[in-house]
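A.B. asks: Sending over a structure as structure tokens; questions will come in a sec.
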Amino acid sequence: MSTKCEICGKTIGRGNIVSHANNKTKREWKPNIQKVRAKINGATKKIYACARCIKSGKVEKVVS
């Protein structure tokens with residue numbers, strides 16, 4: 001499964017978990033990627049899109 005939105009390009013965000021004692025541990029924030037049947041240039045294609053793009057209407061979904 002892809003971890004990148006094909007519409008907006010959103011990918012994994014990386015950073016640190018910081019404890020009260022200021023210990024730092026690597027962590028990742030993963031985007032909510034969904035596999036969607038979308039209409040692209042008049043053709044039906046399966047793409048990976050984040051939930052924000054689907055909700056905002058940037059993806060034109062195809063009814064099966």
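Ordering of the structure tokens sets the chain letters (A, B, ...); residue numbers start at 1 within each chain; ligands are numbered from 1 in the order shown.
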Can you pull out the residues contacting Arg37 of chain A? Cut-off 10 Å, using only C-alpha atoms, and skip same-chain residues under 6 positions away; I want them as a PyMOL selection string.
C.D. replies: chain A and resi 44-49+59-64
A.B. asks: Please identify which residues in chain A DSSP calls strand (DSSP E or B) from the backbone, and express them as a PDB file with C-alpha atoms, in the first residue's frame.
C.D. replies:
```
ATOM      1  CA  GLY A  13       5.561  13.276   8.770  1.00  0.00           C
ATOM      2  CA  ARG A  14       8.506  12.526  11.020  1.00  0.00           C
ATOM      3  CA  GLY A  15       9.505  13.925  14.391  1.00  0.00           C
ATOM      4  CA  ASN A  16      10.193  13.075  17.992  1.00  0.00           C
ATOM      5  CA  ILE A  17       8.228  11.867  20.993  1.00  0.00           C
ATOM      6  CA  VAL A  18       9.506  14.064  23.835  1.00  0.00           C
ATOM      7  CA  LYS A  24      13.597  12.017  22.421  1.00  0.00           C
ATOM      8  CA  THR A  25      12.410   8.985  20.461  1.00  0.00           C
ATOM      9  CA  LYS A  26      11.741   8.954  16.711  1.00  0.00           C
ATOM     10  CA  ARG A  27       8.117   8.642  15.581  1.00  0.00           C
ATOM     11  CA  GLU A  28       5.970   8.973  12.439  1.00  0.00           C
ATOM     12  CA  TRP A  29       2.608  10.557  11.644  1.00  0.00           C
ATOM     13  CA  ILE A  33      -4.618   7.096   2.746  1.00  0.00           C
ATOM     14  CA  GLN A  34      -7.581   5.345   1.099  1.00  0.00           C
ATOM     15  CA  LYS A  35      -7.793   3.380  -2.167  1.00  0.00           C
ATOM     16  CA  VAL A  36     -10.525   5.042  -4.238  1.00  0.00           C
ATOM     17  CA  ARG A  37     -12.081   4.494  -7.665  1.00  0.00           C
ATOM     18  CA  ALA A  38     -11.911   7.940  -9.223  1.00  0.00           C
ATOM     19  CA  LYS A  39     -12.643   9.522 -12.573  1.00  0.00           C
ATOM     20  CA  ILE A  40      -9.404  10.858 -14.045  1.00  0.00           C
ATOM     21  CA  ALA A  43     -11.455   7.263 -17.353  1.00  0.00           C
ATOM     22  CA  THR A  44     -12.046   5.215 -14.194  1.00  0.00           C
ATOM     23  CA  LYS A  45      -8.843   4.532 -12.277  1.00  0.00           C
ATOM     24  CA  LYS A  46      -7.977   3.273  -8.785  1.00  0.00           C
ATOM     25  CA  ILE A  47      -5.827   5.787  -6.930  1.00  0.00           C
ATOM     26  CA  TYR A  48      -4.546   6.376  -3.418  1.00  0.00           C
ATOM     27  CA  ALA A  49      -5.896   9.596  -1.890  1.00  0.00           C
ATOM     28  CA  CYS A  50      -5.881  11.042   1.611  1.00  0.00           C
ATOM     29  CA  LYS A  61     -15.570   9.285  -7.062  1.00  0.00           C
TER      30      LYS A  61
END
```
